[in-house]
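Next comes query_33.txt, a file with compact mmCIF, C-alpha atoms and all ligand atoms.
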```txt
# COMPACT_ATOMS: atom_id res chain seq x y z
CA MET O 574 -25.23 -56.62 224.47
CA ARG O 575 -27.12 -59.84 223.79
CA ASN O 576 -28.21 -62.16 226.61
CA VAL O 577 -26.24 -65.40 226.81
CA VAL O 578 -27.49 -68.68 228.25
CA ILE O 579 -26.19 -72.07 229.29
CA ALA O 580 -28.17 -74.39 227.02
CA GLY O 581 -26.95 -77.82 228.10
CA TYR O 582 -24.35 -79.60 230.21
CA ALA O 583 -22.63 -82.96 230.08
CA ARG O 584 -19.54 -84.54 231.55
CA SER O 585 -17.67 -87.81 231.56
CA PRO O 586 -17.52 -89.94 234.65
CA PHE O 587 -14.59 -88.70 236.74
CA GLN O 588 -11.96 -91.32 237.49
CA LEU O 589 -8.89 -91.36 239.71
CA ALA O 590 -5.72 -90.63 237.75
CA ASN O 591 -3.37 -93.59 237.30
CA LYS O 592 -5.65 -96.00 239.18
CA GLY O 593 -9.02 -95.34 237.55
CA ALA O 594 -10.92 -96.51 234.48
CA PHE O 595 -9.57 -93.74 232.21
CA ALA O 596 -5.87 -94.18 232.96
CA ARG O 597 -5.49 -95.61 229.46
CA THR O 598 -8.08 -93.41 227.76
CA ARG O 599 -6.86 -90.60 225.51
CA PRO O 600 -8.05 -87.18 226.72
CA ASP O 601 -9.10 -86.22 223.17
CA ASP O 602 -11.27 -89.34 222.95
CA LEU O 603 -12.72 -88.65 226.39
CA ALA O 604 -13.59 -85.06 225.51
CA ALA O 605 -15.00 -86.06 222.10
CA ALA O 606 -17.35 -88.54 223.79
CA VAL O 607 -18.61 -85.77 226.07
CA VAL O 608 -19.10 -83.38 223.15
CA ARG O 609 -21.08 -86.04 221.26
CA GLY O 610 -23.15 -86.56 224.41
CA LEU O 611 -23.81 -82.83 224.75
CA VAL O 612 -24.89 -82.57 221.11
CA ALA O 613 -27.24 -85.55 221.48
CA ARG O 614 -28.62 -84.24 224.77
CA THR O 615 -29.35 -80.71 223.53
CA GLY O 616 -30.31 -81.47 219.94
CA VAL O 617 -28.24 -78.48 218.83
CA ASP O 618 -27.89 -77.98 215.08
CA THR O 619 -24.13 -78.54 214.81
CA SER O 620 -23.87 -76.45 211.65
CA ALA O 621 -24.74 -73.43 213.78
CA ILE O 622 -21.82 -73.93 216.20
CA GLU O 623 -19.22 -71.22 215.76
CA ASP O 624 -16.36 -72.58 217.85
CA LEU O 625 -15.39 -75.25 220.32
CA VAL O 626 -13.34 -73.72 223.13
CA MET O 627 -11.55 -76.24 225.30
CA GLY O 628 -9.98 -75.58 228.68
CA CYS O 629 -6.88 -77.60 229.45
CA ALA O 630 -4.32 -76.84 232.16
CA PHE O 631 -1.50 -78.84 230.57
CA PRO O 632 -2.06 -78.64 226.83
CA GLU O 633 1.16 -80.51 226.08
CA ALA O 634 1.77 -83.03 223.31
CA GLU O 635 0.23 -85.82 225.39
CA GLN O 636 -3.10 -84.00 225.42
CA GLY O 637 -2.94 -82.74 221.84
CA PHE O 638 -1.57 -79.17 222.04
CA ASN O 639 -4.68 -77.60 220.48
CA VAL O 640 -6.85 -80.45 221.71
CA ALA O 641 -10.00 -78.43 220.90
CA ARG O 642 -9.53 -78.83 217.16
CA LEU O 643 -8.83 -82.55 217.53
CA VAL O 644 -12.04 -82.92 219.48
CA VAL O 645 -13.98 -81.15 216.70
CA LEU O 646 -12.62 -83.72 214.24
CA LEU O 647 -13.10 -86.70 216.57
CA SER O 648 -16.60 -85.84 217.68
CA GLY O 649 -18.04 -85.59 214.17
CA LEU O 650 -18.75 -81.86 214.35
CA PRO O 651 -18.80 -80.14 210.95
CA LEU O 652 -15.39 -78.97 209.70
CA THR O 653 -16.78 -75.44 209.76
CA VAL O 654 -16.65 -75.43 213.59
CA GLY O 655 -13.47 -73.83 214.96
CA GLY O 656 -11.37 -75.15 217.83
CA MET O 657 -9.33 -73.20 220.39
CA THR O 658 -7.65 -74.42 223.56
CA VAL O 659 -7.40 -72.02 226.50
CA ASN O 660 -5.26 -72.33 229.60
CA ARG O 661 -5.93 -70.67 232.92
CA PHE O 662 -4.92 -73.76 234.92
CA CYS O 663 -7.89 -74.81 237.08
CA GLY O 664 -9.97 -71.93 235.67
CA SER O 665 -9.46 -72.99 232.05
CA SER O 666 -12.92 -74.22 231.12
CA MET O 667 -14.70 -71.50 233.11
CA SER O 668 -12.63 -69.13 230.99
CA ALA O 669 -13.86 -71.05 227.93
CA VAL O 670 -17.45 -70.37 229.03
CA GLN O 671 -16.68 -66.69 229.65
CA TYR O 672 -14.91 -66.29 226.32
CA ALA O 673 -17.85 -67.87 224.49
CA ALA O 674 -20.27 -65.60 226.35
CA GLY O 675 -18.22 -62.53 225.41
CA GLN O 676 -18.11 -63.53 221.75
CA ILE O 677 -21.86 -64.07 221.68
CA ALA O 678 -22.51 -60.75 223.44
CA LEU O 679 -20.36 -59.08 220.77
CA GLY O 680 -22.37 -60.69 217.99
CA ALA O 681 -19.51 -62.98 216.93
CA GLY O 682 -21.56 -66.16 216.82
CA ASP O 683 -24.73 -67.70 218.25
CA VAL O 684 -23.68 -71.07 219.68
CA PHE O 685 -20.41 -72.29 221.18
CA ILE O 686 -19.31 -75.42 222.94
CA ALA O 687 -17.24 -74.51 226.02
CA ALA O 688 -15.54 -77.65 227.23
CA GLY O 689 -12.64 -78.82 229.33
CA VAL O 690 -10.45 -81.86 229.69
CA GLU O 691 -7.57 -83.13 231.77
CA SER O 692 -5.84 -86.43 231.93
CA MET O 693 -3.90 -86.06 235.15
CA THR O 694 -2.65 -89.58 234.46
CA ARG O 695 -0.82 -88.34 231.38
CA ILE O 696 0.57 -85.08 232.71
CA PRO O 697 2.21 -84.63 236.12
CA MET O 698 1.24 -81.47 238.03
CA TRP O 699 4.37 -79.63 236.87
CA GLY O 700 4.39 -80.87 233.29
CA PHE O 701 7.27 -82.89 231.86
CA ASN O 702 9.88 -80.18 231.48
CA PRO O 703 9.57 -77.71 234.35
CA LEU O 704 11.88 -74.72 233.95
CA PRO O 705 10.79 -72.23 236.63
CA HIS O 706 11.98 -68.69 235.95
CA PRO O 707 14.94 -68.37 238.35
CA GLU O 708 14.13 -64.88 239.58
CA LEU O 709 10.45 -65.64 240.12
CA ALA O 710 11.35 -68.94 241.75
CA LYS O 711 13.76 -67.19 244.14
CA ASN O 712 11.76 -64.08 245.01
CA THR O 713 8.12 -65.09 244.70
CA ALA O 714 5.78 -68.01 245.32
CA ALA O 715 4.93 -68.26 241.61
CA PHE O 716 5.91 -71.95 241.55
CA ILE O 717 4.68 -73.00 244.99
CA GLY O 718 3.07 -76.43 245.27
CA MET O 719 -0.72 -76.38 245.49
CA GLY O 720 -0.73 -78.40 248.71
CA ASP O 721 1.55 -75.83 250.33
CA THR O 722 -0.92 -73.08 249.46
CA ALA O 723 -3.61 -75.13 251.23
CA GLU O 724 -1.37 -75.39 254.30
CA ASN O 725 -0.77 -71.61 254.18
CA LEU O 726 -4.49 -70.87 254.23
CA ALA O 727 -5.09 -73.35 257.03
CA SER O 728 -2.58 -71.56 259.23
CA ARG O 729 -3.53 -68.00 258.24
CA TYR O 730 -7.23 -68.63 258.83
CA GLY O 731 -6.73 -70.88 261.84
CA ILE O 732 -8.52 -73.76 260.14
CA SER O 733 -7.87 -76.92 262.13
CA ARG O 734 -7.36 -80.38 260.71
CA ALA O 735 -10.63 -81.40 262.36
CA ASP O 736 -12.49 -78.57 260.56
CA GLN O 737 -11.01 -79.69 257.24
CA GLU O 738 -11.99 -83.28 257.89
CA ALA O 739 -15.54 -82.36 258.85
CA PHE O 740 -15.80 -80.44 255.56
CA ALA O 741 -14.38 -83.35 253.55
CA LEU O 742 -16.70 -85.82 255.25
CA GLU O 743 -19.66 -83.62 254.37
CA SER O 744 -18.53 -83.42 250.73
CA GLN O 745 -18.39 -87.22 250.60
CA ARG O 746 -21.78 -87.51 252.32
CA LYS O 747 -23.45 -85.08 249.90
CA ALA O 748 -21.92 -86.84 246.89
CA ALA O 749 -23.09 -90.23 248.16
CA GLU O 750 -26.59 -88.82 248.65
CA ALA O 751 -26.58 -87.31 245.15
CA ILE O 752 -25.44 -90.62 243.66
CA GLY O 753 -28.19 -92.44 245.56
CA ALA O 754 -30.78 -89.97 244.26
CA GLY O 755 -29.56 -90.37 240.67
CA HIS O 756 -28.47 -86.74 240.37
CA LEU O 757 -24.95 -87.40 239.11
CA VAL O 758 -25.92 -89.99 236.53
CA GLU O 759 -28.14 -87.34 234.91
CA GLU O 760 -25.11 -85.27 233.96
CA ILE O 761 -22.80 -88.13 232.99
CA VAL O 762 -22.16 -89.36 229.45
CA VAL O 763 -21.22 -93.06 229.38
CA VAL O 764 -17.67 -93.43 228.03
CA ASN O 765 -16.12 -96.84 227.23
CA ASP O 766 -18.95 -98.50 229.20
CA VAL O 767 -18.03 -96.46 232.30
CA SER O 768 -21.20 -94.82 233.58
CA ALA O 769 -20.31 -93.63 237.09
CA ASP O 770 -17.62 -91.67 238.89
CA GLY O 771 -14.80 -93.68 240.38
CA THR O 772 -13.68 -90.84 242.62
CA PRO O 773 -16.14 -90.65 245.53
CA ARG O 774 -15.38 -92.56 248.73
CA PRO O 775 -18.86 -93.04 250.20
CA GLY O 776 -17.51 -95.15 253.05
CA THR O 777 -15.39 -92.29 254.40
CA THR O 778 -15.48 -91.98 258.18
CA ALA O 779 -14.18 -89.32 260.56
CA GLU O 780 -11.91 -91.92 262.12
CA ALA O 781 -10.35 -92.93 258.79
CA LEU O 782 -9.73 -89.29 257.86
CA ALA O 783 -8.15 -88.61 261.25
CA GLY O 784 -5.75 -91.50 260.66
CA LEU O 785 -4.27 -90.22 257.37
CA LYS O 786 -0.79 -88.77 257.34
CA PRO O 787 -0.22 -85.18 256.14
CA ALA O 788 0.19 -85.18 252.34
CA PHE O 789 2.37 -82.13 251.76
CA SER O 790 4.24 -81.21 254.94
CA PRO O 791 5.21 -83.57 257.78
CA THR O 792 3.89 -81.04 260.29
CA GLY O 793 0.92 -79.99 258.19
CA THR O 794 -2.83 -80.56 258.46
CA VAL O 795 -3.78 -81.25 254.82
CA THR O 796 -4.18 -84.93 253.86
CA ALA O 797 -5.27 -86.93 250.84
CA GLY O 798 -8.71 -87.04 252.45
CA THR O 799 -9.01 -83.24 252.59
CA SER O 800 -7.59 -82.63 249.08
CA SER O 801 -9.23 -83.06 245.70
CA PRO O 802 -7.79 -86.21 244.12
CA LEU O 803 -5.78 -86.28 240.89
CA THR O 804 -8.48 -86.98 238.32
CA ASP O 805 -9.10 -87.83 234.66
CA GLY O 806 -12.23 -86.28 233.17
CA ALA O 807 -13.92 -84.04 230.62
CA SER O 808 -16.94 -81.73 230.68
CA ALA O 809 -18.82 -79.45 228.29
CA VAL O 810 -21.55 -76.84 228.26
CA LEU O 811 -23.45 -75.37 225.36
CA VAL O 812 -23.32 -71.56 225.42
CA ALA O 813 -25.81 -69.74 223.20
CA SER O 814 -27.43 -66.40 222.66
CA GLU O 815 -30.79 -66.41 224.42
CA ASP O 816 -32.58 -65.42 221.22
CA TYR O 817 -31.03 -68.27 219.28
CA ALA O 818 -31.65 -70.77 222.08
CA ARG O 819 -35.34 -69.82 222.19
CA ALA O 820 -35.76 -69.91 218.41
CA ALA O 821 -33.97 -73.27 218.16
CA GLY O 822 -35.81 -74.79 221.13
CA LEU O 823 -32.61 -75.47 223.07
CA PRO O 824 -32.91 -76.30 226.78
CA ILE O 825 -32.25 -73.03 228.62
CA LEU O 826 -30.73 -73.83 232.02
CA ALA O 827 -29.64 -70.34 233.07
CA ARG O 828 -28.66 -66.92 231.79
CA ILE O 829 -25.12 -65.67 232.42
CA ARG O 830 -25.51 -62.51 234.50
CA SER O 831 -21.88 -61.56 235.12
CA VAL O 832 -18.32 -62.85 235.13
CA ALA O 833 -15.07 -61.84 236.81
CA ILE O 834 -11.38 -62.66 237.11
CA SER O 835 -9.13 -61.55 239.94
CA GLY O 836 -5.55 -62.02 241.09
CA CYS O 837 -4.10 -62.68 244.55
CA SER O 838 -0.81 -63.78 246.11
CA PRO O 839 0.35 -67.11 244.69
CA GLU O 840 1.12 -68.51 248.17
CA ILE O 841 -2.59 -68.26 249.09
CA MET O 842 -4.03 -68.94 245.65
CA GLY O 843 -6.96 -70.78 247.26
CA ILE O 844 -8.49 -67.52 248.44
CA GLY O 845 -8.90 -66.40 244.79
CA PRO O 846 -12.68 -67.01 244.69
CA VAL O 847 -13.29 -64.30 247.29
CA GLU O 848 -12.34 -61.29 245.17
CA SER O 849 -13.59 -62.73 241.89
CA SER O 850 -16.96 -63.56 243.47
CA ARG O 851 -17.24 -60.08 244.97
CA LYS O 852 -16.52 -58.53 241.58
CA ALA O 853 -18.97 -60.77 239.73
CA LEU O 854 -21.70 -60.19 242.33
CA ALA O 855 -21.19 -56.41 242.18
CA ARG O 856 -21.40 -56.53 238.37
CA ALA O 857 -24.70 -58.39 238.64
CA GLY O 858 -25.97 -55.89 241.25
CA LEU O 859 -26.32 -58.74 243.75
CA SER O 860 -25.03 -59.63 247.20
CA VAL O 861 -24.14 -63.00 248.68
CA ALA O 862 -27.57 -63.13 250.35
CA ASP O 863 -29.25 -63.15 246.90
CA ILE O 864 -27.46 -66.33 245.85
CA ASP O 865 -29.40 -69.59 246.11
CA VAL O 866 -26.84 -72.04 244.76
CA VAL O 867 -23.05 -71.93 245.10
CA GLU O 868 -20.57 -74.17 243.29
CA LEU O 869 -17.22 -73.48 244.96
CA ASN O 870 -14.50 -75.74 243.65
CA GLU O 871 -13.05 -77.78 246.48
CA ALA O 872 -9.39 -77.85 245.52
CA PHE O 873 -8.76 -78.37 249.23
CA ALA O 874 -10.97 -78.27 252.32
CA SER O 875 -8.87 -75.53 253.98
CA GLN O 876 -9.11 -73.33 250.90
CA SER O 877 -12.88 -73.85 250.62
CA LEU O 878 -13.40 -73.05 254.31
CA ALA O 879 -11.35 -69.86 254.05
CA CYS O 880 -13.47 -68.70 251.09
CA ILE O 881 -16.73 -69.63 252.83
CA ALA O 882 -15.65 -67.61 255.89
CA ASP O 883 -14.50 -64.53 253.94
CA LEU O 884 -17.51 -64.44 251.63
CA GLY O 885 -19.98 -65.27 254.42
CA LEU O 886 -21.50 -68.11 252.39
CA ASP O 887 -24.35 -70.21 253.78
CA THR O 888 -22.88 -73.74 253.74
CA ALA O 889 -26.34 -75.20 253.07
CA LYS O 890 -26.16 -73.61 249.60
CA VAL O 891 -22.59 -74.69 248.81
CA ASN O 892 -21.87 -77.76 246.67
CA ILE O 893 -25.26 -79.36 247.23
CA ASP O 894 -24.25 -82.59 245.42
CA GLY O 895 -20.74 -82.67 246.91
CA GLY O 896 -17.62 -81.01 245.59
CA ALA O 897 -14.26 -81.86 244.11
CA ILE O 898 -12.95 -83.56 247.27
CA ALA O 899 -15.48 -86.30 246.51
CA ILE O 900 -16.16 -85.89 242.78
CA GLY O 901 -12.60 -85.08 241.68
CA HIS O 902 -10.88 -82.18 239.97
CA PRO O 903 -9.57 -82.82 236.45
CA LEU O 904 -8.03 -79.35 236.27
CA GLY O 905 -9.08 -78.18 232.81
CA ALA O 906 -12.55 -79.76 233.08
CA THR O 907 -13.68 -78.40 236.44
CA GLY O 908 -14.82 -74.93 235.35
CA ALA O 909 -17.34 -76.18 232.79
CA ARG O 910 -18.47 -78.82 235.30
CA ILE O 911 -19.27 -76.32 238.03
CA VAL O 912 -20.94 -73.84 235.66
CA GLY O 913 -23.04 -76.66 234.17
CA LYS O 914 -23.76 -78.01 237.64
CA ALA O 915 -24.77 -74.61 239.03
CA ALA O 916 -27.10 -74.03 236.06
CA SER O 917 -28.62 -77.51 236.46
CA LEU O 918 -29.07 -76.98 240.19
CA LEU O 919 -31.00 -73.78 239.56
CA GLN O 920 -33.41 -75.87 237.48
CA ARG O 921 -33.62 -78.62 240.10
CA THR O 922 -34.00 -76.40 243.16
CA GLY O 923 -36.03 -73.59 241.61
CA GLY O 924 -33.50 -71.08 242.96
CA ARG O 925 -33.00 -67.83 241.05
CA PHE O 926 -29.29 -66.97 241.27
CA ALA O 927 -26.17 -69.13 241.31
CA LEU O 928 -22.49 -68.44 241.78
CA ALA O 929 -19.81 -70.73 240.33
CA THR O 930 -16.29 -69.93 241.44
CA GLN O 931 -12.85 -71.46 241.75
CA CYS O 932 -9.26 -70.80 242.73
CA ILE O 933 -6.39 -71.02 240.30
CA GLY O 934 -2.71 -71.93 240.76
CA GLY O 935 -0.39 -68.94 240.47
CA GLY O 936 -2.87 -66.81 242.42
CA GLN O 937 -6.16 -66.12 240.63
CA GLY O 938 -9.87 -66.49 241.12
CA ILE O 939 -12.68 -66.76 238.58
CA ALA O 940 -16.42 -66.42 239.07
CA THR O 941 -19.62 -66.62 237.05
CA VAL O 942 -23.07 -65.53 238.23
CA LEU O 943 -26.09 -67.26 236.67
CA GLU O 944 -29.81 -66.54 236.76
CA ARG O 945 -32.64 -68.99 236.10
CA VAL O 946 -34.95 -67.71 233.36
C1 LIG C 1001 -3.15 -85.34 248.12
C2 LIG C 1001 -2.49 -86.24 247.06
C3 LIG C 1001 -0.99 -85.95 247.01
C4 LIG C 1001 -2.75 -87.68 247.47
O1 LIG C 1001 -2.24 -88.51 246.45
P1 LIG C 1001 -2.15 -90.09 246.67
O2 LIG C 1001 -1.28 -90.36 247.85
O3 LIG C 1001 -1.84 -90.69 245.37
O4 LIG C 1001 -3.68 -90.38 247.05
P2 LIG C 1001 -4.36 -91.72 247.44
O5 LIG C 1001 -5.67 -91.78 246.77
O6 LIG C 1001 -3.43 -92.89 247.24
O7 LIG C 1001 -4.61 -91.51 248.99
C5 LIG C 1001 -3.58 -91.67 249.95
C6 LIG C 1001 -4.12 -92.54 251.05
O8 LIG C 1001 -5.19 -91.85 251.66
C7 LIG C 1001 -6.33 -92.68 251.68
N1 LIG C 1001 -7.52 -91.85 251.55
C8 LIG C 1001 -7.72 -90.84 250.67
N2 LIG C 1001 -8.95 -90.33 250.84
C9 LIG C 1001 -9.51 -91.02 251.85
C10 LIG C 1001 -10.78 -90.97 252.48
N3 LIG C 1001 -11.70 -90.08 252.11
N4 LIG C 1001 -11.01 -91.83 253.47
C11 LIG C 1001 -10.11 -92.73 253.86
N5 LIG C 1001 -8.89 -92.84 253.28
C12 LIG C 1001 -8.62 -91.98 252.30
C13 LIG C 1001 -6.14 -93.61 250.49
O9 LIG C 1001 -6.88 -94.80 250.65
C14 LIG C 1001 -4.67 -93.87 250.55
O10 LIG C 1001 -4.41 -94.85 251.53
P3 LIG C 1001 -3.24 -95.95 251.31
O11 LIG C 1001 -1.96 -95.15 251.21
O12 LIG C 1001 -3.37 -96.79 252.50
O13 LIG C 1001 -3.58 -96.62 250.01
C15 LIG C 1001 -3.09 -85.97 245.65
O14 LIG C 1001 -4.43 -86.39 245.63
C16 LIG C 1001 -3.01 -84.51 245.28
O15 LIG C 1001 -1.94 -84.03 244.90
N6 LIG C 1001 -4.15 -83.76 245.35
C17 LIG C 1001 -4.17 -82.36 245.04
C18 LIG C 1001 -4.20 -82.14 243.55
C19 LIG C 1001 -4.05 -80.69 243.22
O16 LIG C 1001 -3.13 -80.03 243.67
N7 LIG C 1001 -4.96 -80.16 242.40
C20 LIG C 1001 -4.94 -78.79 242.06
C21 LIG C 1001 -5.59 -78.02 243.14
S1 LIG C 1001 -5.30 -76.32 242.92
```
Could I get this structure in the form of structure tokens?
Amino acid sequence: MRNVVIAGYARSPFQLANKGAFARTRPDDLAAAVVRGLVARTGVDTSAIEDLVMGCAFPEAEQGFNVARLVVLLSGLPLTVGGMTVNRFCGSSMSAVQYAAGQIALGAGDVFIAAGVESMTRIPMWGFNPLPHPELAKNTAAFIGMGDTAENLASRYGISRADQEAFALESQRKAAEAIGAGHLVEEIVVVNDVSADGTPRPGTTAEALAGLKPAFSPTGTVTAGTSSPLTDGASAVLVASEDYARAAGLPILARIRSVAISGCSPEIMGIGPVESSRKALARAGLSVADIDVVELNEAFASQSLACIADLGLDTAKVNIDGGAIAIGHPLGATGARIVGKAASLLQRTGGRFALATQCIGGGQGIATVLERV
């Protein structure tokens, strides 16, 4: 099997759905701008790119069905580059990275773009024509709302509203610090003159969070302040064989050491990262203690705290520049963002191993272990 590396990362600014700067921006245009930015940033020879794999959680007409191929055409990539859209809900673009890595390991190409996009302005969480399977809807939690899964984990793990708010406050604080230090601007491609995220709320206070009403259940503990916001955004990473990356002089951020997928009960989908991370770590021959950098997608504070507790993660290593509660979570784009972020953080911190992991609606987890080389 050939070694595979992350050889570049870029993303759009993340903007609040409906209210933000990309509410009227087409997702294909947004993703194409990010792909152009990634190509410019890495200097990759575009004629060598085998395929553009695009994660998208709602690949409906409004986002282009096979939006990947549209993005190839829009971004000026050669017509010889393929385009495939993959859907694993929130795990879509991490799956794009993992697919690309598998193809490269098999010898089916040297360079791929693994990207993701979501316009949560254009597509409501359930799509436009929800037709839940009646038997599954009656007998299982297959179609449970994501906020309800966050409430379930809060009660099962005894995570108080105050704990969730302390976590959310910390996410906002870390994001504000990263913005101040210029760390987020480094990864952002300017799109339509927008050069910064519109999602973070740097002025967040404990008092303001404590005053918000529950978002999903009148008696619940999860609020808008402890949830990731509905977000418009796109992201992309360059995935290449290590040999090709070295020969072509591409920037090598990290080697992919292992990957994993796992399933869990839909009603506690937020715990998905636990099993997928354990599997990926075991495949890399590593334990949690070996990991220097963790990117754990913050779909909700309760869900993140449950995963941190079960995995025994050191919070000082988790989401160093803030997580999705502050930065946002454009479903299809998050996986490539956190893989790219984890790889970039290995470079910045000098750490050796990173874990990027996220939960997935319907009850799944996905994880990728990276190593700085
Ligand atoms: C939680 C959710 C329903 C809130 O949606 P919303 O009501 O449109 O969100 P808003 O941004 O308007 O926030 C609601 C209120 O909380 C306030 N608020 C949100 N975050 C805050 C913060 N950090 N500090 C202070 N106030 C905050 C807003 O200002 C707003 O106040 P207002 O009503 O006085 O204007 C929505 O963000 C959501 O569904 N998130 C989860 C998405 C999801 O499921 N993703 C997949 C995960 S698997």
So for ligand LIG 1001 (chain C), what box centre and size do we get, axis-aligned, 3 Å extra on each of the six sides, every listed atom, Å to one decimal, as JSON?
```
{"center_x": -6.3, "center_y": -86.6, "center_z": 248.0, "size_x": 16.7, "size_y": 26.5, "size_z": 17.8}
```
Exercise for review: Skip Asp602 (chain O) itself and residues of its chain fewer than 6 positions away, then list as a VMD selection string all residues within 9 Å of it, counting only C-alpha atoms.
Suggested key: chain O and resid 644 647 to 648
Could you make a table, as CSV, of the residues of chain O that have an atom within 9 Å of an atom of ligand LIG 1001 (chain C), each with its nearest atom pair and distance in Å to one decimal, counting only C-alpha atoms and all ligand atoms, in chain and number order?
```
residue,atom,partner,partner_atom,distance
O:Leu589,CA,C:LIG1001,O5,7.8
O:Ala590,CA,C:LIG1001,O3,8.6
O:Asn591,CA,C:LIG1001,O3,8.7
O:Lys592,CA,C:LIG1001,O5,8.7
O:Phe662,CA,C:LIG1001,S1,8.4
O:Cys663,CA,C:LIG1001,S1,6.6
O:Met698,CA,C:LIG1001,O16,7.3
O:Gly718,CA,C:LIG1001,O16,7.3
O:Met719,CA,C:LIG1001,O16,4.7
O:Gly720,CA,C:LIG1001,O16,5.8
O:Thr722,CA,C:LIG1001,S1,8.5
O:Ala723,CA,C:LIG1001,S1,8.6
O:Glu738,CA,C:LIG1001,N3,8.9
O:Ala741,CA,C:LIG1001,N3,7.4
O:Leu742,CA,C:LIG1001,N3,7.3
O:Gln745,CA,C:LIG1001,N3,7.4
O:Pro773,CA,C:LIG1001,N3,8.0
O:Arg774,CA,C:LIG1001,N3,5.6
O:Pro775,CA,C:LIG1001,N3,8.0
O:Gly776,CA,C:LIG1001,N4,7.3
O:Thr777,CA,C:LIG1001,N4,4.5
O:Thr778,CA,C:LIG1001,N4,6.5
O:Ala779,CA,C:LIG1001,N4,8.2
O:Glu780,CA,C:LIG1001,C11,8.5
O:Ala781,CA,C:LIG1001,C11,4.9
O:Leu782,CA,C:LIG1001,N4,5.2
O:Ala783,CA,C:LIG1001,C11,8.7
O:Gly784,CA,C:LIG1001,N5,8.1
O:Leu785,CA,C:LIG1001,O8,6.0
O:Lys786,CA,C:LIG1001,O8,7.8
O:Pro787,CA,C:LIG1001,C1,8.5
O:Ala788,CA,C:LIG1001,C1,5.4
O:Phe789,CA,C:LIG1001,C3,7.0
O:Val795,CA,C:LIG1001,C1,7.9
O:Thr796,CA,C:LIG1001,C1,5.8
O:Ala797,CA,C:LIG1001,C1,3.8
O:Gly798,CA,C:LIG1001,N2,3.7
O:Thr799,CA,C:LIG1001,N2,7.3
O:Ser800,CA,C:LIG1001,N6,5.2
O:Ser801,CA,C:LIG1001,N6,5.1
O:Pro802,CA,C:LIG1001,O14,3.7
O:Leu803,CA,C:LIG1001,O14,4.9
O:Thr804,CA,C:LIG1001,C18,8.3
O:Met842,CA,C:LIG1001,S1,8.0
O:Gly843,CA,C:LIG1001,S1,7.2
O:Glu871,CA,C:LIG1001,C21,8.2
O:Ala872,CA,C:LIG1001,C21,4.5
O:Phe873,CA,C:LIG1001,C21,6.9
O:Ile898,CA,C:LIG1001,N3,8.2
O:Ala899,CA,C:LIG1001,N3,7.7
O:His902,CA,C:LIG1001,N7,6.7
O:Pro903,CA,C:LIG1001,N7,8.0
O:Leu904,CA,C:LIG1001,C20,6.6
O:Cys932,CA,C:LIG1001,S1,6.8
O:Ile933,CA,C:LIG1001,S1,6.0
O:Gly934,CA,C:LIG1001,S1,5.5
```
Practice item. Determine, counting only C-alpha atoms, which protein, DNA and RNA residues have an atom within 10 Å of an atom of Ser831 (chain O); residues of the same chain fewer than 6 positions away are not included. Present the result as JSON, numbers by chain. Key: {"O": [671, 674, 850, 852, 853, 854, 855, 856, 857, 858, 928, 940, 941, 942, 943, 944]}
Check your understanding: Just how far from CA of Leu704 (chain O) is CA of Val640 (chain O), in Å to one decimal?
Key -> 23.1 Å
Practice item. Using only C-alpha atoms, pick whichever of O:Glu633, O:Glu623, O:Asp683, O:Glu724 has the shortest atom-to-atom distance to Gly793 (chain O). Key: O:Glu724
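Using only C-alpha atoms, the smallest distance between any of O:Leu603, O:Ala678, O:Ala897, O:Leu709 and Ser692 (chain O) comes from O:Leu603.
Taking CA of Ala583 (chain O) as the reference point, CA of Pro600 (chain O) is found at 15.5 Å.
Those residues that approach Ala906 (chain O) to within 9 Å, counting all atoms listed in the file, are Arg584, Met627, Gly628, Cys629, Ala630, Cys663, Gly664, Ser665, Ser666, Met667, Ala688, Gly689, Val690, Glu691, Asp805, Gly806, Ala807, Ser808, Ala809, His902, Pro903, Leu904, Gly908, Ala909 and Arg910 of chain O; same-chain residues fewer than 2 positions away are not listed.
Proximity ranking of O:Pro703, O:Pro839, O:Gly822, O:Gly581 relative to Ala916 (chain O) places O:Gly581 first, based on all atoms listed in the file.
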Point to revise | Near-Glu840 (chain O) list (8 Å; all atoms listed in the file; drop same-chain fewer than 6 positions) as a list of chain:residue names | key: O:Ala714, O:Ala715, O:Ile717, O:Asp721, O:Thr722, O:Asn725, O:Gly935, O:Gly936
Output of the above residues as a short mmCIF file (atom, residue, chain, number, x, y, z; two decimals), keeping the file's coordinate frame, restricted to C-alpha atoms:
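File written: result.cif
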```cif
data_model
loop_
_atom_site.label_atom_id
_atom_site.label_comp_id
_atom_site.auth_asym_id
_atom_site.auth_seq_id
_atom_site.Cartn_x
_atom_site.Cartn_y
_atom_site.Cartn_z
CA ALA O 714 5.78 -68.01 245.32
CA ALA O 715 4.93 -68.26 241.61
CA ILE O 717 4.68 -73.00 244.99
CA ASP O 721 1.55 -75.83 250.33
CA THR O 722 -0.92 -73.08 249.46
CA ASN O 725 -0.77 -71.61 254.18
CA GLY O 935 -0.39 -68.94 240.47
CA GLY O 936 -2.87 -66.81 242.42
#
```
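Closest approach to Tyr582 (chain O) from the set O:Asn765, O:Thr615, O:Thr598, O:Ser860 is made by O:Thr615, with distances taken over only C-alpha atoms.
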Point to revise | Shortest interatomic distance to Phe631 (chain O) - which of O:Met574, O:Gly905, O:Ala754, O:Thr694, counting only C-alpha atoms | key: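 Closest to Phe631 (chain O) of all the choices is O:Gly905.
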Exercise for review: List the neighbours of Leu650 (chain O) out to 12 Å using all atoms listed in the file; skip same-chain residues closer than 6 positions along the sequence, and give me the result as a ChimeraX atom specification.
Suggested key: /O:605-606,608-613,617-625,641-644,656,685-686
